[in-house]
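Since the structure comes first, as structure tokens, the remarks are kept for the end.
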Amino acid sequence: MEINLTKKIYAHISAIGGYVPENKRTNHDLELITDTSDEWIVKRTGIKERRILEEGLATSDMAVNAIKNLIETYNKDINDVDAIIVATSTPDMLMPSTANIICGKLGIENVWAFDINAACSGFLYALDMGASLVETNRYKNVLVVGADKISAYVNINDRSTNILFGDGAGVVWLEPTKEIGVIDALLLSNGTGKEFLNIEGGGSLYPPSQDSLEKEKTYIKQDGKVVFKNAINAMSHTCLDVLDKNNLSVSDINWLVPHQANKRIIDAVGKEINIEENKTLINIEHYGNTIAATIPLCIWENSSKLKKGDLLMLTAFGAGFSWGASLLRWTI
Ligand code: ACO
């Protein structure tokens, strides 16, 4: 058999879906629990409410709902899927993977399915991995999910975290194309941020135990100020670097889709890279930080604004630290 080594295959997004739980946790709800106020939270974070998944349901349930939403909206056949990659820091269980559990819930077999944990940068890591699979020509239909039930790890009495986080899931369907879809990505990690943002308990270092429960190691903890400064710096530089690498400039970008962690971080990144304000997509007000789900959820919610051929720059920052920026042409 003759192998054609010259034919380049690109991956593109052919469909998108999302899901957020019904149950809302508003700033006023939090006023009743901790010493905080709606005014402070809105001013310092831009968040008004977040969605909280009910007990007894898990990350895979939200992912399945997001996938069903995609399938219904775009009339796709789940049996065409070759691979599922789930970006999550809050898997249903340590094993099997959440991607594997999703296969069971959707009733599909013969699918390569696995999870990626790159915290808030997870979706961008998974997108690049999924695009790379498609580019090999061995996988034609790849689902890339970003989903987190972070509420399971939030101490409701800790006002430094309970105001920020919410649950959700987003998904894109990647397929081959001869025209360019996913263009490039710059994804980085440095391992210097472990002490500033983490969930220590439940892993092999601090396995589940009475001691880790008593020491509250199963809750998300952070030094908000350190994370804040590093997030702005890392996202701004990486956005400019990925543009430079592709001989593009900020004026070529139609839409900036930043990780939704704090409205002040989003605004500062926009200012640093000097992008027009109305080009930044934001939905943090209603969902807060949904970890790996923020970027696909934000694109999904705003997809009616996007035109075929638009250039999107996605950027994220999260625990580790891990961060990055991706470039793609919108092709739906
Ligand atoms: N309600 C009311 N007052 C508060 C609250 C609250 N929830 N939290 C802190 N305060 C008070 C403080 O006690 C302090 O009071 P003081 O001036 O009398 O000492 C004052 O408000 C300012 O506190 P800061 O900690 O300086 O508040 P800051 O402006 O840094 O905002 C926040 C805190 C929102 C956590 C911010 O640092 C942040 O968003 N950091 C980024 C964290 C993040 O997004 N992490 C998520 C994962 S990584 C990522 O996704 C990017």
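Identifiers for the structure tokens are assigned positionally: chains receive A, B, ... in sequence, residues are indexed from 1 per chain, and ligands are indexed from 1 in the order shown.
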Enumerate, in order of chain and increasing residue number, the residues of range 167-255 of chain A with an atom no farther than 12 Å from range 42-47 of chain A, each with its shortest atom pair and distance in Å to one decimal, counting only C-alpha atoms, as a Markdown table.
```
| residue | atom | partner | partner_atom | distance |
| --- | --- | --- | --- | --- |
| A:Gly224 | CA | A:Thr45 | CA | 11.3 |
| A:Lys225 | CA | A:Arg44 | CA | 11.8 |
| A:Phe228 | CA | A:Thr45 | CA | 10.9 |
```
*Could you name the residues that touch Ile84 in chain A at 8 Å or less, counting only C-alpha atoms, but leaving out those on the same chain fewer than 2 positions away, as a ChimeraX atom specification?*
/A:81-82,86,99,111-114,142-145
Store the residues picked out above in a file with all heavy atoms, as an mmCIF file, in the first residue's frame.
```cif
data_model
loop_
_atom_site.group_PDB
_atom_site.id
_atom_site.type_symbol
_atom_site.label_atom_id
_atom_site.label_comp_id
_atom_site.auth_asym_id
_atom_site.auth_seq_id
_atom_site.Cartn_x
_atom_site.Cartn_y
_atom_site.Cartn_z
ATOM 1 N N VAL A 81 -18.032 8.066 17.272
ATOM 2 C CA VAL A 81 -16.910 8.574 18.073
ATOM 3 C C VAL A 81 -15.798 7.520 18.191
ATOM 4 O O VAL A 81 -16.052 6.362 18.485
ATOM 5 C CB VAL A 81 -17.415 8.988 19.480
ATOM 6 C CG1 VAL A 81 -16.257 9.304 20.407
ATOM 7 C CG2 VAL A 81 -18.351 10.198 19.366
ATOM 8 N N ASP A 82 -14.549 7.963 17.946
ATOM 9 C CA ASP A 82 -13.386 7.073 18.056
ATOM 10 C C ASP A 82 -12.655 7.234 19.385
ATOM 11 O O ASP A 82 -11.978 6.321 19.830
ATOM 12 C CB ASP A 82 -12.360 7.385 16.956
ATOM 13 C CG ASP A 82 -12.951 7.280 15.577
ATOM 14 O OD1 ASP A 82 -13.555 6.247 15.286
ATOM 15 O OD2 ASP A 82 -12.822 8.248 14.796
ATOM 16 N N VAL A 86 -11.340 13.469 28.468
ATOM 17 C CA VAL A 86 -12.023 14.297 29.466
ATOM 18 C C VAL A 86 -10.983 15.044 30.290
ATOM 19 O O VAL A 86 -10.145 14.433 30.961
ATOM 20 C CB VAL A 86 -12.899 13.438 30.404
ATOM 21 C CG1 VAL A 86 -13.547 14.313 31.473
ATOM 22 C CG2 VAL A 86 -13.978 12.719 29.603
ATOM 23 N N ALA A 99 -13.743 9.368 31.638
ATOM 24 C CA ALA A 99 -14.025 9.122 30.215
ATOM 25 C C ALA A 99 -14.570 7.717 30.027
ATOM 26 O O ALA A 99 -15.499 7.486 29.247
ATOM 27 C CB ALA A 99 -12.745 9.312 29.398
ATOM 28 N N VAL A 111 -13.927 2.546 21.970
ATOM 29 C CA VAL A 111 -13.522 3.948 21.978
ATOM 30 C C VAL A 111 -12.303 4.075 22.871
ATOM 31 O O VAL A 111 -12.246 3.492 23.941
ATOM 32 C CB VAL A 111 -14.671 4.812 22.569
ATOM 33 C CG1 VAL A 111 -14.237 6.243 22.763
ATOM 34 C CG2 VAL A 111 -15.890 4.742 21.681
ATOM 35 N N TRP A 112 -11.317 4.833 22.376
ATOM 36 C CA TRP A 112 -10.171 5.134 23.246
ATOM 37 C C TRP A 112 -10.625 6.265 24.175
ATOM 38 O O TRP A 112 -10.947 7.359 23.715
ATOM 39 C CB TRP A 112 -8.993 5.561 22.384
ATOM 40 C CG TRP A 112 -7.757 5.887 23.153
ATOM 41 C CD1 TRP A 112 -7.522 5.637 24.466
ATOM 42 C CD2 TRP A 112 -6.588 6.525 22.660
ATOM 43 N NE1 TRP A 112 -6.285 6.068 24.826
ATOM 44 C CE2 TRP A 112 -5.678 6.610 23.733
ATOM 45 C CE3 TRP A 112 -6.205 7.029 21.417
ATOM 46 C CZ2 TRP A 112 -4.419 7.189 23.602
ATOM 47 C CZ3 TRP A 112 -4.958 7.601 21.287
ATOM 48 C CH2 TRP A 112 -4.076 7.671 22.362
ATOM 49 N N ALA A 113 -10.638 6.023 25.462
ATOM 50 C CA ALA A 113 -11.171 7.020 26.391
ATOM 51 C C ALA A 113 -10.257 7.176 27.594
ATOM 52 O O ALA A 113 -9.882 6.182 28.218
ATOM 53 C CB ALA A 113 -12.568 6.605 26.850
ATOM 54 N N PHE A 114 -9.907 8.401 27.904
ATOM 55 C CA PHE A 114 -9.027 8.637 29.048
ATOM 56 C C PHE A 114 -9.183 10.077 29.548
ATOM 57 O O PHE A 114 -9.738 10.919 28.849
ATOM 58 C CB PHE A 114 -7.561 8.359 28.693
ATOM 59 C CG PHE A 114 -7.000 9.242 27.606
ATOM 60 C CD1 PHE A 114 -6.181 10.309 27.920
ATOM 61 C CD2 PHE A 114 -7.289 8.998 26.275
ATOM 62 C CE1 PHE A 114 -5.659 11.135 26.929
ATOM 63 C CE2 PHE A 114 -6.772 9.812 25.275
ATOM 64 C CZ PHE A 114 -5.959 10.881 25.597
ATOM 65 N N VAL A 142 -13.342 12.812 17.492
ATOM 66 C CA VAL A 142 -12.819 12.838 18.866
ATOM 67 C C VAL A 142 -13.635 13.832 19.689
ATOM 68 O O VAL A 142 -13.783 14.996 19.311
ATOM 69 C CB VAL A 142 -11.323 13.243 18.874
ATOM 70 C CG1 VAL A 142 -10.800 13.322 20.299
ATOM 71 C CG2 VAL A 142 -10.495 12.250 18.057
ATOM 72 N N LEU A 143 -14.149 13.346 20.812
ATOM 73 C CA LEU A 143 -14.861 14.248 21.727
ATOM 74 C C LEU A 143 -13.872 14.766 22.767
ATOM 75 O O LEU A 143 -13.156 13.978 23.398
ATOM 76 C CB LEU A 143 -15.989 13.512 22.452
ATOM 77 C CG LEU A 143 -17.249 13.200 21.666
ATOM 78 C CD1 LEU A 143 -18.252 12.445 22.553
ATOM 79 C CD2 LEU A 143 -17.898 14.474 21.129
ATOM 80 N N VAL A 144 -13.838 16.079 22.941
ATOM 81 C CA VAL A 144 -12.983 16.686 23.961
ATOM 82 C C VAL A 144 -13.896 17.380 24.975
ATOM 83 O O VAL A 144 -14.618 18.312 24.635
ATOM 84 C CB VAL A 144 -12.009 17.704 23.338
ATOM 85 C CG1 VAL A 144 -11.201 18.399 24.428
ATOM 86 C CG2 VAL A 144 -11.081 17.021 22.344
ATOM 87 N N VAL A 145 -13.849 16.872 26.196
ATOM 88 C CA VAL A 145 -14.762 17.350 27.244
ATOM 89 C C VAL A 145 -13.952 18.117 28.294
ATOM 90 O O VAL A 145 -12.842 17.721 28.634
ATOM 91 C CB VAL A 145 -15.434 16.137 27.946
ATOM 92 C CG1 VAL A 145 -16.334 16.605 29.094
ATOM 93 C CG2 VAL A 145 -16.213 15.295 26.957
#
```
*Mind checking which residues fall within 12 Å of Ala316 in chain A, counting only C-alpha atoms, ignoring those fewer than 4 positions away in the same chain, and posting them as a ChimeraX atom specification?*
/A:118-125,185-189,230-239,256-262,265-266,269,289,291-296,321-326
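Distance annotation: of A:Asp184, A:Ile299, A:Gly193, A:Asp267, the residue with the minimal separation from Asp241 in chain A is A:Asp184; atom set is only C-alpha atoms.
The smallest atom-to-atom distance between ligand 1 and any of A:Lys263, A:Lys308, A:Lys76, A:Lys149, using only C-alpha atoms and all ligand atoms, is found for A:Lys263.
The coordinates place CA of Gly168 in chain A at 27.0 Å from atom 21 (O, counted along the ligand's line) of ligand 1.
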Taking only range 112-277 of chain A into account, list the residues labelled strand (DSSP E) by DSSP (computed from the backbone), as an mmCIF file with N, CA, C and O atoms, in the first residue's frame.
```
data_model
loop_
_atom_site.group_PDB
_atom_site.id
_atom_site.type_symbol
_atom_site.label_atom_id
_atom_site.label_comp_id
_atom_site.auth_asym_id
_atom_site.auth_seq_id
_atom_site.Cartn_x
_atom_site.Cartn_y
_atom_site.Cartn_z
ATOM 1 N N TRP A 112 -11.317 4.833 22.376
ATOM 2 C CA TRP A 112 -10.171 5.134 23.246
ATOM 3 C C TRP A 112 -10.625 6.265 24.175
ATOM 4 O O TRP A 112 -10.947 7.359 23.715
ATOM 5 N N ALA A 113 -10.638 6.023 25.462
ATOM 6 C CA ALA A 113 -11.171 7.020 26.391
ATOM 7 C C ALA A 113 -10.257 7.176 27.594
ATOM 8 O O ALA A 113 -9.882 6.182 28.218
ATOM 9 N N PHE A 114 -9.907 8.401 27.904
ATOM 10 C CA PHE A 114 -9.027 8.637 29.048
ATOM 11 C C PHE A 114 -9.183 10.077 29.548
ATOM 12 O O PHE A 114 -9.738 10.919 28.849
ATOM 13 N N ASP A 115 -8.655 10.329 30.773
ATOM 14 C CA ASP A 115 -8.754 11.663 31.383
ATOM 15 C C ASP A 115 -7.416 12.389 31.323
ATOM 16 O O ASP A 115 -6.354 11.762 31.315
ATOM 17 N N ILE A 116 -7.508 13.711 31.356
ATOM 18 C CA ILE A 116 -6.324 14.571 31.486
ATOM 19 C C ILE A 116 -6.563 15.470 32.682
ATOM 20 O O ILE A 116 -7.642 16.060 32.807
ATOM 21 N N VAL A 142 -13.342 12.812 17.492
ATOM 22 C CA VAL A 142 -12.819 12.838 18.866
ATOM 23 C C VAL A 142 -13.635 13.832 19.689
ATOM 24 O O VAL A 142 -13.783 14.996 19.311
ATOM 25 N N LEU A 143 -14.149 13.346 20.812
ATOM 26 C CA LEU A 143 -14.861 14.248 21.727
ATOM 27 C C LEU A 143 -13.872 14.766 22.767
ATOM 28 O O LEU A 143 -13.156 13.978 23.398
ATOM 29 N N VAL A 144 -13.838 16.079 22.941
ATOM 30 C CA VAL A 144 -12.983 16.686 23.961
ATOM 31 C C VAL A 144 -13.896 17.380 24.975
ATOM 32 O O VAL A 144 -14.618 18.312 24.635
ATOM 33 N N VAL A 145 -13.849 16.872 26.196
ATOM 34 C CA VAL A 145 -14.762 17.350 27.244
ATOM 35 C C VAL A 145 -13.952 18.117 28.294
ATOM 36 O O VAL A 145 -12.842 17.721 28.634
ATOM 37 N N GLY A 146 -14.523 19.195 28.811
ATOM 38 C CA GLY A 146 -13.990 19.846 30.022
ATOM 39 C C GLY A 146 -15.105 19.808 31.042
ATOM 40 O O GLY A 146 -16.196 20.342 30.792
ATOM 41 N N ALA A 147 -14.905 19.137 32.188
ATOM 42 C CA ALA A 147 -16.007 18.987 33.150
ATOM 43 C C ALA A 147 -15.461 18.904 34.569
ATOM 44 O O ALA A 147 -14.461 18.224 34.801
ATOM 45 N N ASP A 148 -16.097 19.596 35.478
ATOM 46 C CA ASP A 148 -15.672 19.533 36.879
ATOM 47 C C ASP A 148 -16.841 19.751 37.829
ATOM 48 O O ASP A 148 -17.628 20.689 37.646
ATOM 49 N N GLY A 168 -19.905 22.503 36.105
ATOM 50 C CA GLY A 168 -20.378 22.572 34.716
ATOM 51 C C GLY A 168 -19.579 21.649 33.813
ATOM 52 O O GLY A 168 -18.594 21.041 34.231
ATOM 53 N N ALA A 169 -20.038 21.558 32.559
ATOM 54 C CA ALA A 169 -19.353 20.716 31.565
ATOM 55 C C ALA A 169 -19.560 21.292 30.167
ATOM 56 O O ALA A 169 -20.631 21.800 29.848
ATOM 57 N N GLY A 170 -18.506 21.217 29.366
ATOM 58 C CA GLY A 170 -18.600 21.622 27.958
ATOM 59 C C GLY A 170 -17.892 20.582 27.113
ATOM 60 O O GLY A 170 -17.030 19.848 27.607
ATOM 61 N N VAL A 171 -18.265 20.515 25.839
ATOM 62 C CA VAL A 171 -17.663 19.498 24.967
ATOM 63 C C VAL A 171 -17.583 20.010 23.531
ATOM 64 O O VAL A 171 -18.463 20.751 23.086
ATOM 65 N N VAL A 172 -16.519 19.634 22.844
ATOM 66 C CA VAL A 172 -16.451 19.880 21.398
ATOM 67 C C VAL A 172 -16.194 18.559 20.684
ATOM 68 O O VAL A 172 -15.630 17.628 21.251
ATOM 69 N N TRP A 173 -16.638 18.520 19.430
ATOM 70 C CA TRP A 173 -16.435 17.347 18.565
ATOM 71 C C TRP A 173 -15.394 17.748 17.528
ATOM 72 O O TRP A 173 -15.581 18.722 16.815
ATOM 73 N N LEU A 174 -14.294 16.997 17.476
ATOM 74 C CA LEU A 174 -13.237 17.292 16.501
ATOM 75 C C LEU A 174 -13.308 16.311 15.345
ATOM 76 O O LEU A 174 -13.521 15.112 15.549
ATOM 77 N N GLU A 175 -13.116 16.839 14.153
ATOM 78 C CA GLU A 175 -13.109 15.999 12.939
ATOM 79 C C GLU A 175 -12.002 16.455 12.005
ATOM 80 O O GLU A 175 -11.542 17.586 12.116
ATOM 81 N N PRO A 176 -11.611 15.626 11.044
ATOM 82 C CA PRO A 176 -10.578 16.048 10.086
ATOM 83 C C PRO A 176 -11.120 17.065 9.086
ATOM 84 O O PRO A 176 -12.304 17.040 8.749
ATOM 85 N N THR A 177 -10.245 17.927 8.622
ATOM 86 C CA THR A 177 -10.595 18.878 7.575
ATOM 87 C C THR A 177 -9.344 19.152 6.748
ATOM 88 O O THR A 177 -8.223 19.033 7.266
ATOM 89 N N VAL A 182 -8.125 23.850 14.032
ATOM 90 C CA VAL A 182 -7.234 24.074 15.174
ATOM 91 C C VAL A 182 -5.857 24.406 14.597
ATOM 92 O O VAL A 182 -5.284 23.618 13.840
ATOM 93 N N ILE A 183 -5.343 25.576 14.924
ATOM 94 C CA ILE A 183 -4.117 26.058 14.285
ATOM 95 C C ILE A 183 -2.877 25.671 15.082
ATOM 96 O O ILE A 183 -1.958 25.034 14.577
ATOM 97 N N ASP A 184 -2.853 26.074 16.345
ATOM 98 C CA ASP A 184 -1.629 25.859 17.126
ATOM 99 C C ASP A 184 -1.958 26.084 18.605
ATOM 100 O O ASP A 184 -3.007 26.652 18.946
ATOM 101 N N ALA A 185 -1.034 25.642 19.459
ATOM 102 C CA ALA A 185 -1.202 25.885 20.899
ATOM 103 C C ALA A 185 0.173 25.957 21.548
ATOM 104 O O ALA A 185 1.131 25.360 21.061
ATOM 105 N N LEU A 186 0.228 26.689 22.637
ATOM 106 C CA LEU A 186 1.433 26.757 23.457
ATOM 107 C C LEU A 186 0.976 26.433 24.872
ATOM 108 O O LEU A 186 0.210 27.195 25.471
ATOM 109 N N LEU A 187 1.387 25.270 25.370
ATOM 110 C CA LEU A 187 0.877 24.793 26.664
ATOM 111 C C LEU A 187 2.056 24.518 27.583
ATOM 112 O O LEU A 187 2.982 23.804 27.201
ATOM 113 N N LEU A 188 2.013 25.085 28.769
ATOM 114 C CA LEU A 188 3.200 25.062 29.631
ATOM 115 C C LEU A 188 2.853 24.686 31.070
ATOM 116 O O LEU A 188 1.714 24.845 31.511
ATOM 117 N N SER A 189 3.871 24.198 31.789
ATOM 118 C CA SER A 189 3.741 23.847 33.212
ATOM 119 C C SER A 189 5.073 24.144 33.878
ATOM 120 O O SER A 189 6.118 23.952 33.258
ATOM 121 N N LEU A 197 -2.087 26.700 45.198
ATOM 122 C CA LEU A 197 -3.415 26.288 44.734
ATOM 123 C C LEU A 197 -3.443 24.774 44.662
ATOM 124 O O LEU A 197 -2.736 24.181 43.846
ATOM 125 N N ASN A 198 -4.237 24.145 45.532
ATOM 126 C CA ASN A 198 -4.218 22.678 45.533
ATOM 127 C C ASN A 198 -5.444 22.078 46.228
ATOM 128 O O ASN A 198 -6.167 22.766 46.946
ATOM 129 N N LYS A 221 -7.684 24.792 48.274
ATOM 130 C CA LYS A 221 -7.096 25.921 49.005
ATOM 131 C C LYS A 221 -6.230 26.727 48.053
ATOM 132 O O LYS A 221 -5.643 26.170 47.125
ATOM 133 N N GLN A 222 -6.156 28.009 48.297
ATOM 134 C CA GLN A 222 -5.321 28.824 47.419
ATOM 135 C C GLN A 222 -4.857 30.085 48.112
ATOM 136 O O GLN A 222 -5.472 30.557 49.064
ATOM 137 N N TRP A 255 -12.057 36.828 18.504
ATOM 138 C CA TRP A 255 -12.582 36.586 19.852
ATOM 139 C C TRP A 255 -11.504 36.020 20.761
ATOM 140 O O TRP A 255 -10.833 35.044 20.411
ATOM 141 N N LEU A 256 -11.372 36.634 21.929
ATOM 142 C CA LEU A 256 -10.515 36.088 22.976
ATOM 143 C C LEU A 256 -11.427 35.340 23.949
ATOM 144 O O LEU A 256 -12.426 35.895 24.426
ATOM 145 N N VAL A 257 -11.089 34.085 24.208
ATOM 146 C CA VAL A 257 -11.892 33.302 25.165
ATOM 147 C C VAL A 257 -10.991 32.908 26.333
ATOM 148 O O VAL A 257 -10.297 31.891 26.282
ATOM 149 N N PRO A 258 -10.980 33.734 27.390
ATOM 150 C CA PRO A 258 -10.108 33.421 28.524
ATOM 151 C C PRO A 258 -10.789 32.507 29.533
ATOM 152 O O PRO A 258 -12.021 32.515 29.646
#
```
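Residues within 8 Å of Tyr10 in chain A, counting only C-alpha atoms and excluding same-chain residues fewer than 5 positions away, are Ala131, Val134, Glu135, Pro176, Thr177, Lys178, Glu179, Ile180, Gly181 and Val182 of chain A.
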For the residues in that selection, give me N, CA, C and O atoms as a JSON list (two decimals), in the first residue's frame.
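Once written, part-v3.json looks like this:
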```json
[["chain", "number", "residue", "atom", "x", "y", "z"],
["A", 131, "ALA", "N", -6.79, 17.23, 18.90],
["A", 131, "ALA", "CA", -6.46, 17.68, 17.54],
["A", 131, "ALA", "C", -5.30, 16.85, 17.00],
["A", 131, "ALA", "O", -5.29, 16.47, 15.82],
["A", 134, "VAL", "N", -6.52, 13.52, 15.70],
["A", 134, "VAL", "CA", -7.17, 13.65, 14.39],
["A", 134, "VAL", "C", -6.12, 13.84, 13.31],
["A", 134, "VAL", "O", -6.21, 13.24, 12.22],
["A", 135, "GLU", "N", -5.10, 14.64, 13.60],
["A", 135, "GLU", "CA", -4.06, 14.92, 12.60],
["A", 135, "GLU", "C", -3.28, 13.66, 12.20],
["A", 135, "GLU", "O", -2.70, 13.61, 11.12],
["A", 176, "PRO", "N", -11.61, 15.63, 11.04],
["A", 176, "PRO", "CA", -10.58, 16.05, 10.09],
["A", 176, "PRO", "C", -11.12, 17.07, 9.09],
["A", 176, "PRO", "O", -12.30, 17.04, 8.75],
["A", 177, "THR", "N", -10.24, 17.93, 8.62],
["A", 177, "THR", "CA", -10.60, 18.88, 7.57],
["A", 177, "THR", "C", -9.34, 19.15, 6.75],
["A", 177, "THR", "O", -8.22, 19.03, 7.27],
["A", 178, "LYS", "N", -9.54, 19.56, 5.50],
["A", 178, "LYS", "CA", -8.35, 19.91, 4.69],
["A", 178, "LYS", "C", -8.00, 21.37, 4.91],
["A", 178, "LYS", "O", -6.88, 21.80, 4.71],
["A", 179, "GLU", "N", -9.04, 22.16, 5.31],
["A", 179, "GLU", "CA", -8.76, 23.55, 5.64],
["A", 179, "GLU", "C", -8.36, 23.59, 7.11],
["A", 179, "GLU", "O", -8.66, 22.68, 7.86],
["A", 180, "ILE", "N", -7.77, 24.69, 7.51],
["A", 180, "ILE", "CA", -7.28, 24.71, 8.89],
["A", 180, "ILE", "C", -8.39, 25.03, 9.89],
["A", 180, "ILE", "O", -9.25, 25.87, 9.66],
["A", 181, "GLY", "N", -8.42, 24.28, 10.99],
["A", 181, "GLY", "CA", -9.37, 24.55, 12.09],
["A", 181, "GLY", "C", -8.57, 24.89, 13.33],
["A", 181, "GLY", "O", -8.29, 26.05, 13.62],
["A", 182, "VAL", "N", -8.13, 23.85, 14.03],
["A", 182, "VAL", "CA", -7.23, 24.07, 15.17],
["A", 182, "VAL", "C", -5.86, 24.41, 14.60],
["A", 182, "VAL", "O", -5.28, 23.62, 13.84]]
```
*If you run DSSP on the backbone, which residues of range 105-302 of chain A are helix (DSSP H, G or I), as a ChimeraX atom specification?*
/A:105-106,119-135,150-153,210-214,224-245,250-252,263-273,277-279,284-287,291-301
*Point out the residue among A:Ile332, A:Val242, A:Ile67, A:Ile156 with the least atom-to-atom distance to ligand 1, counting only C-alpha atoms and all ligand atoms.*
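Answer, going by the shortest atom-to-atom distance: A:Ile156.
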_List the spatial neighbours of Ala58 in chain A as a count of residues only - criterion: any atom at most 10 Å away, only C-alpha atoms, same-chain residues fewer than 6 positions off excluded._
11
